[in-house]
Structures are given as structure tokens and as C-alpha cells.
>>> print(open('my_file-v8.csv').read())   # CSV, C-alpha atoms
chain,number,residue,atom,x,y,z
N,1,MET,CA,3.4,14.7,-13.7
N,2,THR,CA,3.7,10.9,-14.0
N,3,SER,CA,4.5,9.2,-17.3
N,4,ILE,CA,1.9,8.2,-19.8
N,5,LEU,CA,2.7,4.6,-20.6
N,6,SER,CA,1.9,2.4,-23.6
N,7,GLU,CA,-0.1,-0.8,-23.4
N,8,ARG,CA,3.1,-2.7,-23.9
N,9,GLN,CA,4.8,-0.9,-21.0
N,10,ILE,CA,1.7,-1.4,-18.7
N,11,ASP,CA,1.9,-5.2,-19.6
N,12,LYS,CA,5.3,-5.2,-18.0
N,13,ILE,CA,3.9,-3.7,-14.8
N,14,ARG,CA,1.1,-6.2,-14.9
N,15,ASP,CA,3.7,-9.0,-14.9
N,16,ALA,CA,5.3,-7.5,-11.8
N,17,GLY,CA,1.9,-7.0,-10.2
N,18,LYS,CA,1.1,-10.7,-10.6
N,19,ILE,CA,4.1,-11.5,-8.3
N,20,VAL,CA,3.0,-8.9,-5.8
N,21,SER,CA,-0.6,-10.3,-5.8
N,22,ALA,CA,0.5,-13.9,-5.5
N,23,CYS,CA,2.8,-13.1,-2.6
N,24,HIS,CA,0.2,-11.2,-0.6
N,25,TYR,CA,-2.3,-14.0,-1.3
N,26,SER,CA,0.1,-16.6,0.1
N,27,LEU,CA,0.7,-14.5,3.2
N,28,ARG,CA,-2.9,-15.2,4.3
N,29,ASP,CA,-2.0,-18.8,5.1
N,30,PHE,CA,1.6,-18.1,6.1
N,31,LEU,CA,1.1,-15.6,8.9
N,32,GLU,CA,0.7,-17.0,12.4
N,33,ILE,CA,0.9,-16.0,16.0
N,34,GLY,CA,4.4,-16.3,17.4
N,35,MET,CA,6.5,-15.6,14.3
N,36,THR,CA,8.6,-12.5,14.0
N,37,THR,CA,8.3,-9.7,11.5
N,38,MET,CA,11.8,-10.6,10.3
N,39,HIS,CA,10.4,-14.1,9.5
N,40,VAL,CA,7.7,-12.4,7.4
N,41,ASN,CA,10.3,-10.2,5.6
N,42,ASP,CA,12.5,-13.2,4.8
N,43,TYR,CA,9.5,-15.2,3.4
N,44,VAL,CA,8.5,-12.3,1.1
N,45,HIS,CA,12.1,-11.8,0.0
N,46,ARG,CA,12.4,-15.5,-0.9
N,47,PHE,CA,9.1,-15.5,-2.7
N,48,ILE,CA,10.0,-12.5,-4.9
N,49,GLU,CA,13.4,-14.0,-5.8
N,50,SER,CA,11.9,-17.4,-6.5
N,51,HIS,CA,9.8,-15.7,-9.2
N,52,GLY,CA,12.8,-14.2,-11.0
N,53,ALA,CA,12.2,-10.7,-9.6
N,54,LYS,CA,14.0,-8.3,-7.2
N,55,ALA,CA,12.8,-6.7,-3.9
N,56,GLU,CA,13.0,-3.1,-5.0
N,57,GLN,CA,12.9,-1.6,-1.5
N,58,ILE,CA,16.3,-3.0,-0.5
N,59,GLY,CA,18.7,0.0,-0.8
N,60,TYR,CA,16.0,2.5,-1.7
N,61,MET,CA,17.3,5.7,0.1
N,62,GLY,CA,19.2,3.4,2.3
N,63,TYR,CA,16.3,1.2,3.4
N,64,PRO,CA,17.8,-2.2,4.2
N,65,TYR,CA,14.9,-4.7,3.9
N,66,ALA,CA,12.6,-6.3,1.3
N,67,THR,CA,9.4,-5.2,3.2
N,68,CYS,CA,8.0,-2.8,5.6
N,69,THR,CA,6.2,-4.7,8.4
N,70,SER,CA,4.2,-2.3,10.5
N,71,LEU,CA,2.3,-3.5,13.6
N,72,ASN,CA,-0.7,-1.9,15.4
N,73,ASP,CA,0.1,1.8,16.0
N,74,GLU,CA,2.9,1.7,13.4
N,75,ILE,CA,1.5,3.5,10.4
N,76,CYS,CA,4.1,2.5,7.8
N,77,HIS,CA,7.8,1.9,6.9
N,78,ALA,CA,8.5,-0.1,10.1
N,79,PHE,CA,11.7,-2.2,10.0
N,80,PRO,CA,11.2,-6.0,10.3
N,81,ASP,CA,12.9,-7.3,13.4
N,82,ASN,CA,12.6,-9.9,16.1
N,83,GLU,CA,9.3,-8.6,17.5
N,84,ILE,CA,6.9,-11.4,18.0
N,85,ILE,CA,3.5,-11.2,16.3
N,86,ALA,CA,0.8,-11.7,18.9
N,87,ASP,CA,-2.8,-12.7,19.0
N,88,GLY,CA,-5.0,-9.6,18.2
N,89,ASP,CA,-2.3,-7.7,16.3
N,90,ILE,CA,-2.9,-6.1,12.9
N,91,LEU,CA,0.1,-6.3,10.6
N,92,LYS,CA,0.7,-4.1,7.5
N,93,VAL,CA,3.1,-5.7,4.9
N,94,ASP,CA,4.3,-3.4,2.2
N,95,PHE,CA,6.7,-4.3,-0.6
N,96,VAL,CA,7.6,-3.4,-4.2
N,97,VAL,CA,8.6,-6.0,-6.9
N,98,ASN,CA,11.0,-5.2,-9.7
N,99,LEU,CA,10.6,-7.5,-12.7
N,100,ASP,CA,12.8,-6.8,-15.6
N,101,GLY,CA,13.0,-3.1,-14.6
N,102,TRP,CA,9.3,-2.6,-14.1
N,103,LEU,CA,7.7,-2.1,-10.7
N,104,ALA,CA,4.5,-2.9,-8.9
N,105,ASP,CA,3.6,-2.0,-5.3
N,106,SER,CA,1.0,-3.1,-2.8
N,107,ALA,CA,0.5,-3.0,1.0
N,108,TRP,CA,-2.1,-5.1,2.8
N,109,CYS,CA,-3.3,-5.3,6.4
N,110,TYR,CA,-3.6,-8.7,8.0
N,111,ALA,CA,-5.6,-9.7,11.1
N,112,ILE,CA,-3.5,-11.9,13.4
N,113,GLY,CA,-5.7,-14.3,15.4
N,114,ASN,CA,-8.7,-12.8,17.2
N,115,ILE,CA,-8.7,-9.0,16.7
N,116,SER,CA,-10.8,-6.5,18.5
N,117,ASP,CA,-14.1,-5.1,17.1
N,118,GLU,CA,-12.4,-1.6,16.7
N,119,ALA,CA,-9.5,-3.1,14.8
N,120,GLU,CA,-11.9,-5.1,12.5
N,121,LYS,CA,-13.8,-1.9,11.8
N,122,LEU,CA,-10.6,0.1,11.1
N,123,MET,CA,-9.5,-2.5,8.6
N,124,ARG,CA,-12.9,-2.6,6.9
N,125,ILE,CA,-13.2,1.2,6.6
N,126,THR,CA,-9.6,1.5,5.3
N,127,ARG,CA,-10.3,-1.1,2.6
N,128,GLU,CA,-13.5,0.7,1.7
N,129,CYS,CA,-11.5,4.0,1.5
N,130,LEU,CA,-9.1,2.3,-1.0
N,131,TYR,CA,-11.8,1.1,-3.3
N,132,LEU,CA,-13.8,4.3,-3.1
N,133,GLY,CA,-10.7,6.1,-4.2
N,134,ILE,CA,-10.0,3.7,-7.0
N,135,GLU,CA,-13.6,4.3,-8.3
N,136,GLN,CA,-12.8,7.9,-8.8
N,137,ALA,CA,-9.6,7.2,-10.7
N,138,VAL,CA,-11.0,7.5,-14.2
N,139,ASP,CA,-9.8,9.3,-17.3
N,140,GLY,CA,-10.8,13.0,-17.0
N,141,ASN,CA,-11.2,13.2,-13.3
N,142,ARG,CA,-8.7,14.9,-11.0
N,143,ILE,CA,-6.6,13.5,-8.3
N,144,GLY,CA,-8.6,15.5,-5.8
N,145,ASP,CA,-11.6,13.4,-6.6
N,146,VAL,CA,-9.7,10.4,-5.4
N,147,SER,CA,-8.4,12.2,-2.3
N,148,HIS,CA,-11.8,13.6,-1.3
N,149,ALA,CA,-13.6,10.2,-1.6
N,150,ILE,CA,-11.1,8.7,0.8
N,151,GLN,CA,-11.2,11.5,3.3
N,152,GLN,CA,-14.9,11.8,3.3
N,153,HIS,CA,-15.4,8.1,4.0
N,154,ALA,CA,-12.8,7.9,6.7
N,155,GLU,CA,-13.9,11.0,8.6
N,156,SER,CA,-17.6,10.2,8.3
N,157,ASN,CA,-16.8,7.0,10.2
N,158,GLY,CA,-15.0,8.9,13.0
N,159,MET,CA,-11.5,8.1,11.7
N,160,SER,CA,-8.6,10.2,10.5
N,161,VAL,CA,-6.4,10.3,7.4
N,162,VAL,CA,-2.6,10.4,7.7
N,163,ARG,CA,-1.4,13.5,5.7
N,164,GLU,CA,2.3,12.9,5.5
N,165,TYR,CA,2.4,9.9,3.2
N,166,THR,CA,0.8,9.6,-0.2
N,167,GLY,CA,0.2,7.4,-3.2
N,168,HIS,CA,2.6,8.0,-6.2
N,169,GLY,CA,3.2,7.3,-9.8
N,170,ILE,CA,5.1,4.1,-10.5
N,171,GLY,CA,6.7,2.4,-13.5
N,172,ARG,CA,10.4,2.1,-14.0
N,173,THR,CA,11.0,4.0,-10.8
N,174,MET,CA,9.2,3.6,-7.4
N,175,HIS,CA,8.0,7.3,-7.4
N,176,ASP,CA,7.3,8.6,-10.9
N,177,GLY,CA,6.3,12.2,-10.5
N,178,LEU,CA,2.6,12.1,-9.5
N,179,ILE,CA,1.6,12.6,-5.8
N,180,VAL,CA,-1.7,11.1,-4.7
N,181,PRO,CA,-2.8,12.6,-1.3
N,182,HIS,CA,-5.6,10.8,0.6
N,183,PHE,CA,-7.3,14.0,1.6
N,184,GLY,CA,-8.4,17.0,-0.4
N,185,ARG,CA,-11.1,18.7,-2.4
N,186,GLU,CA,-13.0,17.4,-5.4
N,187,GLY,CA,-12.0,18.9,-8.8
N,188,ARG,CA,-8.5,19.9,-7.7
N,189,GLY,CA,-5.1,18.5,-8.6
N,190,PRO,CA,-3.7,16.9,-11.7
N,191,ARG,CA,-6.0,15.6,-14.4
N,192,ILE,CA,-6.1,11.8,-14.5
N,193,ARG,CA,-5.3,10.4,-18.0
N,194,GLU,CA,-5.4,7.1,-19.7
N,195,GLY,CA,-2.0,5.4,-19.6
N,196,MET,CA,-1.1,6.7,-16.1
N,197,VAL,CA,-0.1,4.1,-13.5
N,198,PHE,CA,0.0,5.0,-9.8
N,199,THR,CA,-0.7,3.8,-6.3
N,200,ILE,CA,-3.5,4.6,-4.0
N,201,GLU,CA,-2.6,3.7,-0.4
N,202,PRO,CA,-4.7,5.3,2.4
N,203,MET,CA,-3.3,5.1,5.9
N,204,ILE,CA,-6.3,5.5,8.3
N,205,ASN,CA,-6.1,6.0,12.1
N,206,ILE,CA,-8.7,5.2,14.7
N,207,GLY,CA,-7.5,8.3,16.6
N,208,ALA,CA,-5.9,11.5,15.6
N,209,PRO,CA,-3.9,11.9,12.3
N,210,GLY,CA,-0.6,13.0,13.9
N,211,LEU,CA,2.5,10.9,13.8
N,212,THR,CA,6.0,10.5,15.1
N,213,VAL,CA,9.0,8.9,13.4
N,214,ASP,CA,11.3,6.6,15.4
N,215,SER,CA,15.0,7.0,15.7
N,216,ASP,CA,15.6,4.7,12.8
N,217,GLY,CA,14.4,7.5,10.6
N,218,TRP,CA,11.7,5.3,8.9
N,219,THR,CA,9.2,3.8,11.3
N,220,ALA,CA,6.1,6.1,11.5
N,221,ARG,CA,3.6,5.6,14.3
N,222,THR,CA,0.5,7.3,15.5
N,223,ALA,CA,1.3,10.1,18.0
N,224,ASP,CA,-1.5,9.1,20.3
N,225,GLY,CA,-0.8,5.3,20.2
N,226,SER,CA,-4.0,4.5,18.3
N,227,LEU,CA,-4.3,1.7,15.8
N,228,SER,CA,-3.5,2.5,12.1
N,229,ALA,CA,-4.4,0.4,9.0
N,230,GLN,CA,-3.2,0.7,5.4
N,231,TYR,CA,-4.2,-0.9,2.1
N,232,GLU,CA,-2.6,-0.2,-1.2
N,233,HIS,CA,-3.0,-1.1,-4.9
N,234,THR,CA,-1.1,-0.2,-8.0
N,235,ILE,CA,-3.7,0.8,-10.7
N,236,ALA,CA,-3.6,1.6,-14.4
N,237,ILE,CA,-5.9,4.1,-16.0
N,238,THR,CA,-7.6,2.5,-19.1
N,239,ALA,CA,-10.3,3.5,-21.4
N,240,ASN,CA,-12.6,1.2,-19.5
N,241,GLY,CA,-11.8,2.6,-16.1
N,242,PRO,CA,-9.2,1.9,-13.4
N,243,GLU,CA,-7.5,-1.5,-13.6
N,244,ILE,CA,-6.2,-2.9,-10.3
N,245,ILE,CA,-2.7,-4.3,-11.3
N,246,THR,CA,-2.2,-5.9,-7.9
N,247,ALA,CA,-5.6,-7.3,-7.4
N,248,GLN,CA,-5.7,-10.5,-5.3
N,249,PRO,CA,-7.8,-13.6,-6.0
>>> encode(input="my_file-v8.csv", output="C-alpha cells")
Amino acid sequence: MTSILSERQIDKIRDAGKIVSACHYSLRDFLEIGMTTMHVNDYVHRFIESHGAKAEQIGYMGYPYATCTSLNDEICHAFPDNEIIADGDILKVDFVVNLDGWLADSAWCYAIGNISDEAEKLMRITRECLYLGIEQAVDGNRIGDVSHAIQQHAESNGMSVVREYTGHGIGRTMHDGLIVPHFGREGRGPRIREGMVFTIEPMINIGAPGLTVDSDGWTARTADGSLSAQYEHTIAITANGPEIITAQP
């Protein structure tokens, strides 16, 4: 079970979340056709450090970069490299900020240039899945209520939910006990309580849910080569409902 945090502790995560949010917001104008995913990684790394924080992913279980930069059929955890971002791509950028020992985490999916109608629909449905899941994250509900809302919306729109990767508790560590699947049954799983902080981060595929992992041991991609999208927020459970710590303007 994830930790129950005090308001003072959650304030520390809010401060980290402000950096995450500001960086994602700035990427809207920064990203362009022809740059490499390593260029994106270096930009995010500089942004985090310029705000007095650390890129928490560097060194986590041997991961060498500040970000995961996953293109098109790459579901998550893709290494930034010299691959050129092309017109019509969709790019997932995921990173964790450590500010004074407290962490916040968010992934966002960006349309590069003119994307296809199916890519646009995938991105929209995945965003909707995220926010429908967040709506269920209230004191007294169960994690399965979050999971079911996401699965039902994705599958009712002819898409599939990746099973292997989940949301997680977060605070002083990147993964703080709680596991948040993006599929499941209502009324099941741990009880959601005020003071919890965790991520919800659905990964939704246009095709089948199966995946493969590249030889680098990290990059996950759809087994059938179909497009995949991901959106993630860190949320805090309050007496007034879920608070999106990493909300963007």
C-alpha cells in the first residue's frame, strides 16, 4: 500500500509537479519536425536542472536518460537517440522530477505536424481515458473503479489497453507501493484514501494489446506494429476529490 502523506508533504510534491507541468507546456512550442529524440531529451534535462531539480529517471534501475521518448508504435520507455522526428509522428515524452527529495511524474503525447485521423482519435480517446480514471479516484472508491473506467472507454471505442505497465504510488520514491492497473473490475483492489498520491497513466493501442521489448531491455512496442498513445498525471487524493498535481495550463 502507498503512503498516506500529510498536507505539508503533498505540498513538496506539488512544487515538483509545477516543474513537470511547465516543462511539458514548453514542449508544445519546442517540438518540431526534423529534430531528434535525443534533442528532446537534452532539452528536458536542461529545463529540469535550470529549475533547481534533478531528472530522477537517470540511473533508475540502470536507465541512462532523463526522459523516455517513445514514437508511434513504441508504447513506453524508449531510449532517446538520433532518430529524426517526422511529420505525422506521435511522440510520448515521459519524465520524473526530483525536487528536494520529492517526486512528480507525467507523460504526454504530442502530435508532430499533420497526423492521421486514426492517430488523432487515439490521442483523444487516451486523454479521455486518463481523465475518466481520475474522476474515479476519490476517497472511498477502489483502484478497480479507476481501472474499469479506463478499460471500458478504450474498448468501447475499439481500442485496447496495455496490461504490462501500470500507474503507481509516488512520493519520496518513484514507485511507492500502490499499483494502478488500467484494466479491471469495479469495486476491486485497494481502497483509495485521502492523502494518497499516485499516477494514472493509461497506454492505449489502436490494435491488439500485446507488446514486445527491444534488445535494450526497456523499449516496449506494440507486437502488431499499431500506434500507441499514453497520457499520465500525478494526482493527490484530497477531501475535495482528486487534485491533478501535474496539470498543465
>>> closest_residue(input="my_file-v8.csv", among="N:Arg185, N:His175, N:His24, N:Glu118", to="Val146 of chain N", atoms="only C-alpha atoms")
N:Arg185
>>> atom_distance(input="my_file-v8.csv", atom1="atom CA of Gly62 of chain N", atom2="atom CA of Val44 of chain N")
19.0 Å
>>> closest_residue(input="my_file-v8.csv", among="N:Leu132, N:Ile84, N:Ala223, N:Ala16", to="Lys54 of chain N", atoms="only C-alpha atoms")
N:Ala16
>>> atom_distance(input="my_file-v8.csv", atom1="atom CA of Met38 of chain N", atom2="atom CA of Asp87 of chain N")
17.1 Å
>>> closest_residue(input="my_file-v8.csv", among="N:Thr238, N:Ser50, N:Asn82, N:Ser156", to="Gly140 of chain N", atoms="all atoms listed in the file")
N:Thr238
>>> closest_residue(input="my_file-v8.csv", among="N:Thr173, N:Asp94, N:Pro202, N:Ala111", to="His148 of chain N", atoms="all atoms listed in the file")
N:Pro202
>>> closest_residue(input="my_file-v8.csv", among="N:Ser6, N:Gly52, N:Thr219, N:Ala208", to="Asp81 of chain N", atoms="only C-alpha atoms")
N:Thr219
>>> atom_distance(input="my_file-v8.csv", atom1="atom CA of Gln248 of chain N", atom2="atom CA of Leu71 of chain N")
21.7 Å
>>> residues_around(input="my_file-v8.csv", residues="Cys129 of chain N", least_positions_apart="4", cutoff="9 Å", atoms="all atoms listed in the file", output="ChimeraX atom specification")
/N:124-125,133-134,149-154,202,204,231
>>> closest_residue(input="my_file-v8.csv", among="N:Ile90, N:Ile192, N:Val40, N:Leu27", to="Ile115 of chain N", atoms="only C-alpha atoms")
N:Ile90
>>> residues_around(input="my_file-v8.csv", residues="Ala119 of chain N", least_positions_apart="5", cutoff="12 Å", atoms="only C-alpha atoms", output="PyMOL selection string")
chain N and resi 71-73+88-91+109-114+124-126+159+204-207+226-230
